[in-house]
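S.K.: Quick one: the structure is below, questions incoming.
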Amino acid sequence: WSWGSRSALSWPFSSGSPAVRARASCDSLQCIAACFVTQHLLHLAESPGPLVCSPSCQLTCRRVALLRCSRNDVLVLTPWLAPIVWEGTFNTDILNEQFRLRNTTIGLTRTEGGDRELFLQTAEKHFMVGHRVTYYVFTDRPAAVPRVPLGEGRRVVVLEVLGGPRWQDVSMQRMAVISRFCEQRFLREVDYLVCADVDMKFRDHVGVEILSPLFGTLHPSFYGAARKDFTYERRPRSQAHIPRDQGDFYYMGALFGGSVAEVHRLTSACHQAMAIDQANGIEAVWHDESHLNRYLLDHKPTKVLSPEYLWDQQLLGWPRVMKKLRFVAVPKNHQDIRAT
Amino acid sequence: MGCCSLRADEVMWRRARSWGIWSPVFSPCSSRGSSSAGIISSGAFTYSPLSCSCFHALHTCEAPAWMSTADVLVMTPWFAPIIWDGVFDSAILDAQFESTTIGLTVFAIKKYVVFLELFLQTAEKHFMVGHRVTYYVFTDRPANVPSVPLAEGRQVVVLEVRNYARWQDVSMHRMKTISNFSQERFLREVDYLVCVDVDMKFSDHVGVEILSPFFGTLHPGFYRAARNDFTYERRPRSQAYIPRDEGDFYYAGGFFGGSVVEVLQLTTACHQAMVVNQANGIEAVWHDESHLNRYLLYHKPTKVLSPEYLWDERMLQRPPFLRRLRYVAVPKNHAEIRH
């Protein structure tokens, strides 16, 4: 690099806030709005609903303002440089393009139980829209799987799991089952796996911004807690033990994922650790979640999802720091749950 | 779902007090001074590994999920971290990159060999310390390459290349040379390549925090400039052309890198573009740097290095948020004095 004749240029520095400028040749109103560079650039840019910008416009309209943070109220990057995914930190157009170019297929697994139909219906509206999706339904009664209308490039695969009714209640079995099916099917069928828990529904956009080799989700009750208050397993006898002076975050077991290879590693490791615990006559305080936390401490995730991706509005309300509630607990005592 | 359900505000205020920090927790960026003298930090809480008493121990630095480095952008909208002091923990990253070998390419053509000694000496002090490093020194004067004592796991490989009369040609042919040698050697010898200018010295830590599939560095003269002031190539005839309403950042040609595969793709693409330009009788305004910027616009980097990683103390007024100067220009007349 060279300074050469740059003294003629207007540096140091254009003063004041970034220029406000419209891109007149943009052929859609949403795009023009997004091109006005203001202090709230990134909030405007993330317009809800389907994107109507032409591809060339999407990639060019938004200028990245370096001397203005995307979120000034939350941590958006872990100390090991993994993004923490909050609304306002990412541009869906660029990310969608990156993942569409690779024809990415995403698998979504869900613990059995609760309202499967509501889960699938809301997933159709909000989960990875525009991408190829395979819903994996684990059941011992394949005939009882409801038929939900699906968008193009999306399908339901019913995986029969043998065993009595008890296996569904034991969340620890989830690790064993996912691990097994990674080898048998998922490696060949999808690029990424998202493993979700029962009694949840999608309420807002959950897209390719979450995809990375390995991701965990911040537990919504602990994102503000001190490390010593995390409900890690504290008994040294357990494989999931984490001492009080250790730990990055408290991740929730209800949503994790990554590439199939990484999810296979994680679920196998957790399953083995749980088997050892069982042999030693101990069960971790929060079951598979305790083991997940131990694993993610030793194997740092490459992305961390904010509690926007796992929320309970009845329990926790809607604090200012949550710009969107994307994946939420189904209200338990609600008569008409479809209305929420 | 767990026990506590505190209001987020409450918890934030308590956290600030338990850390012994009394500055306001919330400092909206929009209230920052926009004067040309530089951004004034209003003392908002910053997560910094250096403020942990237990910095060097793995796992033991607290990372509250809701506190932020509130004065600069630390992540691009496509999730590439922007590397500033205070956003990363070297202990964790060093462990992640434990068995990585890094290649550092530098071109010392004609009189530029005089910069090599200081370059290599300071690299030994600051560049990827504790990791395996191979310095690839491209020069037309192999006999003038100084012998600098190297730490264990580090070596210098001298590669003889031809020189060019014009410095612009020297600069542009770097792309071709790196591309060729990537295929011939680098793919087999190193995991990551870092390609830098030689008339510089390392003045502070430059470590594995920069490594990723592929990274560019923000040009220190343009980190505050408006997009239409970036010195992109503006003539549509050139292969490096970028329209005035496009562009994320202005990247410097003097510090880029990534995995060998990615660097190979980048340098090959840039070289091919320069060949087309030459056939059309046009040369991009900032030569290889213009082509690099075009490439990085359409192939987003996976990490971006802040101007801490490329600075010139004589030419620029240092703003307060630039906490470290890691790789800085060496005054050229100083080198002449040395001879």
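Chain labels run A, B, ... following the order of the structure tokens; each chain numbers its residues from 1, and ligands are numbered from 1 in the order shown.
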Give me the residues near stretch 175-186 of chain A as an mmCIF file with C-alpha atoms, in the first residue's frame, where near means some atom within 6 Å (using only C-alpha atoms) and where sequence neighbours in that chain fewer than 6 positions away do not count.
M.R.:
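Final file, around_18.cif:
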```cif
data_model
loop_
_atom_site.group_PDB
_atom_site.id
_atom_site.type_symbol
_atom_site.label_atom_id
_atom_site.label_comp_id
_atom_site.auth_asym_id
_atom_site.auth_seq_id
_atom_site.Cartn_x
_atom_site.Cartn_y
_atom_site.Cartn_z
ATOM 1 C CA HIS A 264 -22.754 -36.343 15.701
ATOM 2 C CA THR A 267 -24.487 -36.130 20.749
ATOM 3 C CA SER A 268 -22.168 -39.139 20.901
ATOM 4 C CA HIS A 271 -24.577 -39.930 25.311
#
```
S.K.: From a DSSP pass on the backbone, collect the residues of stretch 241-298 of chain B flagged as strand (DSSP E or B) and hand them back as a ChimeraX atom specification.
M.R.: /B:241,251,255-259
S.K.: May I have the selected residues written with C-alpha atoms, as a compact mmCIF listing (two decimals), in the first residue's frame?
M.R.:
```
# COMPACT_ATOMS: atom_id res chain seq x y z
CA TYR B 241 -14.26 -1.35 -11.37
CA TYR B 251 -9.13 -2.83 2.21
CA PHE B 255 -2.01 -7.14 4.54
CA PHE B 256 -4.31 -9.95 3.50
CA GLY B 257 -4.35 -13.71 3.85
CA GLY B 258 -6.22 -16.86 4.78
CA SER B 259 -6.07 -20.57 4.11
```
S.K.: Residues of stretch 115-196 of chain B classed as helix (DSSP H, G or I) by DSSP on the backbone are to be reported as a compact mmCIF listing (two decimals) with N, CA and C atoms, in the first residue's frame.
M.R.:
```
# COMPACT_ATOMS: atom_id res chain seq x y z
N PHE B 115 14.79 -3.31 4.34
CA PHE B 115 13.75 -3.39 5.38
C PHE B 115 13.68 -4.75 6.06
N LEU B 116 14.35 -5.72 5.47
CA LEU B 116 14.15 -7.10 5.93
C LEU B 116 14.59 -7.32 7.37
N GLU B 117 15.72 -6.71 7.74
CA GLU B 117 16.24 -7.05 9.06
C GLU B 117 15.27 -6.64 10.17
N LEU B 118 14.82 -5.39 10.11
CA LEU B 118 13.88 -4.92 11.13
C LEU B 118 12.57 -5.70 11.05
N PHE B 119 12.13 -5.96 9.83
CA PHE B 119 10.90 -6.72 9.62
C PHE B 119 10.98 -8.07 10.33
N LEU B 120 12.05 -8.81 10.05
CA LEU B 120 12.16 -10.16 10.61
C LEU B 120 12.39 -10.12 12.12
N GLN B 121 13.18 -9.17 12.56
CA GLN B 121 13.44 -9.07 14.01
C GLN B 121 12.14 -8.81 14.77
N THR B 122 11.36 -7.85 14.28
CA THR B 122 10.12 -7.53 14.99
C THR B 122 9.08 -8.64 14.82
N ALA B 123 9.13 -9.33 13.68
CA ALA B 123 8.22 -10.47 13.51
C ALA B 123 8.53 -11.56 14.54
N GLU B 124 9.82 -11.75 14.81
CA GLU B 124 10.19 -12.74 15.81
C GLU B 124 9.63 -12.38 17.18
N LYS B 125 9.50 -11.10 17.44
CA LYS B 125 8.99 -10.67 18.76
C LYS B 125 7.47 -10.72 18.85
N HIS B 126 6.78 -10.47 17.72
CA HIS B 126 5.35 -10.21 17.82
C HIS B 126 4.45 -11.09 16.96
N PRO B 142 19.15 -12.44 -3.24
CA PRO B 142 19.19 -13.41 -2.14
C PRO B 142 20.39 -13.21 -1.22
N ALA B 143 21.48 -12.71 -1.77
CA ALA B 143 22.68 -12.55 -0.94
C ALA B 143 22.48 -11.46 0.11
N ASN B 144 21.54 -10.55 -0.13
CA ASN B 144 21.34 -9.44 0.80
C ASN B 144 20.33 -9.75 1.89
N TRP B 167 7.73 0.31 -9.83
CA TRP B 167 7.30 -0.26 -8.56
C TRP B 167 5.87 -0.81 -8.67
N GLN B 168 5.09 -0.21 -9.57
CA GLN B 168 3.72 -0.70 -9.74
C GLN B 168 3.72 -2.14 -10.26
N ASP B 169 4.67 -2.42 -11.14
CA ASP B 169 4.75 -3.79 -11.67
C ASP B 169 5.22 -4.76 -10.59
N VAL B 170 6.17 -4.28 -9.79
CA VAL B 170 6.63 -5.12 -8.67
C VAL B 170 5.45 -5.47 -7.78
N SER B 171 4.66 -4.46 -7.46
CA SER B 171 3.51 -4.67 -6.58
C SER B 171 2.51 -5.64 -7.19
N MET B 172 2.22 -5.44 -8.47
CA MET B 172 1.18 -6.26 -9.09
C MET B 172 1.63 -7.69 -9.31
N HIS B 173 2.91 -7.88 -9.55
CA HIS B 173 3.36 -9.24 -9.80
C HIS B 173 3.41 -10.09 -8.54
N ARG B 174 3.23 -9.45 -7.41
CA ARG B 174 3.13 -10.23 -6.17
C ARG B 174 1.99 -11.23 -6.26
N MET B 175 0.88 -10.79 -6.83
CA MET B 175 -0.28 -11.67 -6.94
C MET B 175 0.07 -12.92 -7.74
N LYS B 176 0.73 -12.71 -8.86
CA LYS B 176 1.07 -13.85 -9.72
C LYS B 176 2.04 -14.79 -9.00
N THR B 177 3.01 -14.21 -8.34
CA THR B 177 4.02 -15.02 -7.66
C THR B 177 3.41 -15.83 -6.53
N ILE B 178 2.60 -15.19 -5.72
CA ILE B 178 1.96 -15.91 -4.61
C ILE B 178 1.07 -17.02 -5.16
N SER B 179 0.36 -16.73 -6.23
CA SER B 179 -0.51 -17.73 -6.84
C SER B 179 0.30 -18.94 -7.29
N ASN B 180 1.42 -18.68 -8.01
CA ASN B 180 2.25 -19.78 -8.49
C ASN B 180 2.82 -20.60 -7.34
N PHE B 181 3.39 -19.91 -6.38
CA PHE B 181 4.03 -20.63 -5.28
C PHE B 181 3.03 -21.32 -4.37
N SER B 182 1.80 -20.81 -4.34
CA SER B 182 0.77 -21.50 -3.54
C SER B 182 0.59 -22.91 -4.05
N GLN B 183 0.49 -23.01 -5.37
CA GLN B 183 0.30 -24.33 -5.94
C GLN B 183 1.54 -25.19 -5.79
N GLU B 184 2.73 -24.57 -5.99
CA GLU B 184 3.95 -25.37 -5.99
C GLU B 184 4.40 -25.79 -4.61
N ARG B 185 4.22 -24.90 -3.64
CA ARG B 185 4.83 -25.16 -2.33
C ARG B 185 3.86 -24.99 -1.15
N PHE B 186 3.20 -23.83 -1.11
CA PHE B 186 2.52 -23.45 0.12
C PHE B 186 1.45 -24.45 0.53
N LEU B 187 0.75 -25.01 -0.46
CA LEU B 187 -0.32 -25.96 -0.15
C LEU B 187 0.19 -27.12 0.68
N ARG B 188 1.44 -27.48 0.42
CA ARG B 188 1.99 -28.64 1.12
C ARG B 188 2.68 -28.26 2.42
N GLU B 189 3.04 -26.99 2.55
CA GLU B 189 3.94 -26.64 3.66
C GLU B 189 3.28 -25.91 4.82
```
S.K.: Could you list, as a list in words, every residue within 10 Å of B:Lys303, counting only C-alpha atoms and ignoring same-chain residues fewer than 3 positions away?
M.R.: Leu81 of chain A; Met75, Thr76, Trp78, Phe79, Ala80, Pro81, Ile82, Ile83, Glu209, Ile210, Leu211, Ser212, Pro213, Phe214, Phe215, Gly216, Thr217, Gly257, Gly258, Lys300 and Ser306 of chain B
S.K.: For A:Tyr192, list every protein, DNA or RNA residue within 10 Å, evaluated using only C-alpha atoms, and leave out those in the same chain fewer than 6 positions away; present the list as a PDB file with C-alpha atoms, in the first residue's frame.
M.R.:
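After the write, selection.pdb holds the following:
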```pdb
ATOM      1  CA  THR A 104     -27.808 -25.857   1.601  1.00  0.00           C
ATOM      2  CA  THR A 105     -30.205 -28.409   3.091  1.00  0.00           C
ATOM      3  CA  ILE A 106     -31.157 -28.109   6.740  1.00  0.00           C
ATOM      4  CA  GLY A 107     -32.510 -30.914   8.873  1.00  0.00           C
ATOM      5  CA  LEU A 108     -34.732 -30.097  11.839  1.00  0.00           C
ATOM      6  CA  VAL A 133     -35.605 -28.300   4.748  1.00  0.00           C
ATOM      7  CA  PHE A 186     -28.400 -37.348   8.312  1.00  0.00           C
ATOM      8  CA  VAL A 208     -29.478 -19.302   7.901  1.00  0.00           C
ATOM      9  CA  LEU A 211     -25.918 -22.023  10.660  1.00  0.00           C
ATOM     10  CA  SER A 212     -22.293 -22.762  11.411  1.00  0.00           C
ATOM     11  CA  PRO A 213     -20.211 -25.836  12.289  1.00  0.00           C
ATOM     12  CA  LEU A 214     -21.444 -25.881  15.894  1.00  0.00           C
ATOM     13  CA  GLY A 257     -27.044 -27.779  16.126  1.00  0.00           C
ATOM     14  CA  GLY A 258     -24.397 -27.470  13.480  1.00  0.00           C
ATOM     15  CA  SER A 259     -22.934 -29.504  10.692  1.00  0.00           C
ATOM     16  CA  VAL A 260     -23.984 -33.146  10.819  1.00  0.00           C
ATOM     17  CA  ALA A 261     -20.424 -34.209  11.673  1.00  0.00           C
ATOM     18  CA  GLU A 262     -20.220 -31.829  14.638  1.00  0.00           C
ATOM     19  CA  VAL A 263     -23.699 -32.683  15.909  1.00  0.00           C
TER      20      VAL A 263
END
```
S.K.: Which residue gives the smallest distance to B:Tyr309 among B:Trp84, B:Trp286, B:Tyr327, B:Phe222, with only C-alpha atoms counted?
M.R.: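 Looking at the shortest contact to B:Tyr309, the residue is B:Tyr327.
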S.K.: Quick one: of A:Pro301, A:Leu255, A:Thr111, A:Val148, who's nearest to A:Pro220, counting only C-alpha atoms?
M.R.: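 Of the candidates, the smallest distance to A:Pro220 is held by A:Leu255.
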S.K.: Please provide as a compact mmCIF listing (two decimals) with N, CA, C and O atoms, in the first residue's frame all residues within 8 Å of B:Tyr136, with the sequence filter that same-chain residues fewer than 6 positions apart are discarded (counting only C-alpha atoms).
M.R.:
```
# COMPACT_ATOMS: atom_id res chain seq x y z
N GLY B 103 2.40 -19.37 7.10
CA GLY B 103 3.40 -18.85 6.18
C GLY B 103 3.23 -17.34 6.05
O GLY B 103 2.12 -16.83 5.95
N LEU B 104 4.33 -16.60 6.11
CA LEU B 104 4.30 -15.14 5.98
C LEU B 104 5.09 -14.78 4.73
O LEU B 104 6.29 -15.03 4.66
N THR B 105 4.40 -14.22 3.71
CA THR B 105 5.09 -13.88 2.47
C THR B 105 5.43 -12.40 2.48
O THR B 105 4.64 -11.56 2.92
N VAL B 106 6.63 -12.10 1.98
CA VAL B 106 7.05 -10.69 1.91
C VAL B 106 7.95 -10.54 0.69
O VAL B 106 8.71 -11.44 0.35
N VAL B 156 13.28 -19.35 7.71
CA VAL B 156 13.21 -18.42 6.58
C VAL B 156 13.48 -19.20 5.31
O VAL B 156 14.46 -19.95 5.24
N VAL B 157 12.63 -19.03 4.32
CA VAL B 157 12.84 -19.64 3.00
C VAL B 157 13.01 -18.50 2.01
O VAL B 157 12.11 -17.66 1.86
N VAL B 158 14.15 -18.43 1.36
CA VAL B 158 14.42 -17.35 0.41
C VAL B 158 14.09 -17.83 -1.00
O VAL B 158 14.58 -18.88 -1.43
N LEU B 159 13.25 -17.10 -1.69
CA LEU B 159 12.82 -17.50 -3.03
C LEU B 159 13.21 -16.40 -4.01
O LEU B 159 12.80 -15.24 -3.87
```
S.K.: Neighbouring residues of B:His299 were defined as those with any atom within 10 Å, considering only C-alpha atoms; residues of the same chain fewer than 3 positions away were excluded. Please report them as a PDB file with all heavy atoms, in the first residue's frame.
M.R.:
```
ATOM      1  N   GLN A  98     -25.371 -16.451   0.321  1.00  0.00           N
ATOM      2  CA  GLN A  98     -24.230 -17.343   0.571  1.00  0.00           C
ATOM      3  C   GLN A  98     -24.676 -18.790   0.711  1.00  0.00           C
ATOM      4  O   GLN A  98     -24.035 -19.711   0.205  1.00  0.00           O
ATOM      5  CB  GLN A  98     -23.468 -16.897   1.825  1.00  0.00           C
ATOM      6  CG  GLN A  98     -22.658 -15.621   1.629  1.00  0.00           C
ATOM      7  CD  GLN A  98     -21.899 -15.204   2.882  1.00  0.00           C
ATOM      8  OE1 GLN A  98     -22.245 -15.594   3.993  1.00  0.00           O
ATOM      9  NE2 GLN A  98     -20.864 -14.402   2.710  1.00  0.00           N
TER      10      GLN A  98
ATOM     11  N   PHE B 214     -10.542 -16.524   5.022  1.00  0.00           N
ATOM     12  CA  PHE B 214      -9.799 -15.473   4.394  1.00  0.00           C
ATOM     13  C   PHE B 214     -10.129 -14.088   4.897  1.00  0.00           C
ATOM     14  O   PHE B 214     -11.263 -13.801   5.252  1.00  0.00           O
ATOM     15  CB  PHE B 214      -9.815 -15.727   2.892  1.00  0.00           C
ATOM     16  CG  PHE B 214     -10.607 -14.897   2.025  1.00  0.00           C
ATOM     17  CD1 PHE B 214      -9.990 -13.827   1.409  1.00  0.00           C
ATOM     18  CD2 PHE B 214     -11.875 -15.194   1.718  1.00  0.00           C
ATOM     19  CE1 PHE B 214     -10.668 -13.079   0.510  1.00  0.00           C
ATOM     20  CE2 PHE B 214     -12.569 -14.430   0.815  1.00  0.00           C
ATOM     21  CZ  PHE B 214     -11.956 -13.371   0.212  1.00  0.00           C
ATOM     22  N   LEU B 266      -7.842 -16.114  -4.521  1.00  0.00           N
ATOM     23  CA  LEU B 266      -7.819 -14.646  -4.551  1.00  0.00           C
ATOM     24  C   LEU B 266      -6.716 -14.156  -5.468  1.00  0.00           C
ATOM     25  O   LEU B 266      -6.940 -13.319  -6.350  1.00  0.00           O
ATOM     26  CB  LEU B 266      -7.615 -14.121  -3.123  1.00  0.00           C
ATOM     27  CG  LEU B 266      -7.602 -12.618  -2.847  1.00  0.00           C
ATOM     28  CD1 LEU B 266      -7.871 -12.374  -1.370  1.00  0.00           C
ATOM     29  CD2 LEU B 266      -6.259 -11.980  -3.181  1.00  0.00           C
ATOM     30  N   ASN B 293      -9.682  -5.130  -3.683  1.00  0.00           N
ATOM     31  CA  ASN B 293     -10.948  -4.585  -3.194  1.00  0.00           C
ATOM     32  C   ASN B 293     -12.133  -5.110  -3.984  1.00  0.00           C
ATOM     33  O   ASN B 293     -13.188  -5.406  -3.423  1.00  0.00           O
ATOM     34  CB  ASN B 293     -10.912  -3.057  -3.212  1.00  0.00           C
ATOM     35  CG  ASN B 293     -10.338  -2.500  -1.921  1.00  0.00           C
ATOM     36  OD1 ASN B 293     -11.041  -2.388  -0.918  1.00  0.00           O
ATOM     37  ND2 ASN B 293      -9.055  -2.197  -1.926  1.00  0.00           N
ATOM     38  N   ARG B 294     -11.955  -5.224  -5.272  1.00  0.00           N
ATOM     39  CA  ARG B 294     -13.037  -5.782  -6.084  1.00  0.00           C
ATOM     40  C   ARG B 294     -13.336  -7.219  -5.660  1.00  0.00           C
ATOM     41  O   ARG B 294     -14.485  -7.610  -5.495  1.00  0.00           O
ATOM     42  CB  ARG B 294     -12.638  -5.733  -7.557  1.00  0.00           C
ATOM     43  CG  ARG B 294     -13.538  -6.589  -8.406  1.00  0.00           C
ATOM     44  CD  ARG B 294     -14.300  -5.839  -9.428  1.00  0.00           C
ATOM     45  NE  ARG B 294     -15.313  -6.745  -9.986  1.00  0.00           N
ATOM     46  CZ  ARG B 294     -16.394  -6.366 -10.629  1.00  0.00           C
ATOM     47  NH1 ARG B 294     -16.639  -5.089 -10.792  1.00  0.00           N
ATOM     48  NH2 ARG B 294     -17.247  -7.246 -11.103  1.00  0.00           N
ATOM     49  N   TYR B 295     -12.286  -7.983  -5.465  1.00  0.00           N
ATOM     50  CA  TYR B 295     -12.468  -9.384  -5.081  1.00  0.00           C
ATOM     51  C   TYR B 295     -13.168  -9.497  -3.737  1.00  0.00           C
ATOM     52  O   TYR B 295     -14.098 -10.289  -3.563  1.00  0.00           O
ATOM     53  CB  TYR B 295     -11.106 -10.095  -5.030  1.00  0.00           C
ATOM     54  CG  TYR B 295     -11.213 -11.589  -4.810  1.00  0.00           C
ATOM     55  CD1 TYR B 295     -11.391 -12.458  -5.886  1.00  0.00           C
ATOM     56  CD2 TYR B 295     -11.146 -12.129  -3.530  1.00  0.00           C
ATOM     57  CE1 TYR B 295     -11.499 -13.823  -5.689  1.00  0.00           C
ATOM     58  CE2 TYR B 295     -11.253 -13.504  -3.327  1.00  0.00           C
ATOM     59  CZ  TYR B 295     -11.426 -14.341  -4.409  1.00  0.00           C
ATOM     60  OH  TYR B 295     -11.534 -15.702  -4.208  1.00  0.00           O
ATOM     61  N   LEU B 296     -12.733  -8.689  -2.759  1.00  0.00           N
ATOM     62  CA  LEU B 296     -13.295  -8.794  -1.411  1.00  0.00           C
ATOM     63  C   LEU B 296     -14.721  -8.262  -1.323  1.00  0.00           C
ATOM     64  O   LEU B 296     -15.436  -8.542  -0.363  1.00  0.00           O
ATOM     65  CB  LEU B 296     -12.397  -8.071  -0.405  1.00  0.00           C
ATOM     66  CG  LEU B 296     -11.072  -8.763  -0.114  1.00  0.00           C
ATOM     67  CD1 LEU B 296     -10.224  -7.942   0.857  1.00  0.00           C
ATOM     68  CD2 LEU B 296     -11.292 -10.143   0.476  1.00  0.00           C
ATOM     69  N   THR B 302     -13.912 -13.663   5.720  1.00  0.00           N
ATOM     70  CA  THR B 302     -14.465 -14.276   6.930  1.00  0.00           C
ATOM     71  C   THR B 302     -13.944 -13.612   8.195  1.00  0.00           C
ATOM     72  O   THR B 302     -14.445 -13.871   9.286  1.00  0.00           O
ATOM     73  CB  THR B 302     -14.138 -15.783   6.965  1.00  0.00           C
ATOM     74  OG1 THR B 302     -12.750 -15.948   6.707  1.00  0.00           O
ATOM     75  CG2 THR B 302     -14.927 -16.523   5.909  1.00  0.00           C
TER      76      THR B 302
END
```
S.K.: Which residues, written as a PyMOL selection string, have at least one atom at most 8 Å from A:Met322, with only C-alpha atoms counted and residues fewer than 4 positions away on the same chain left out?
M.R.: chain A and resi 307-308+318
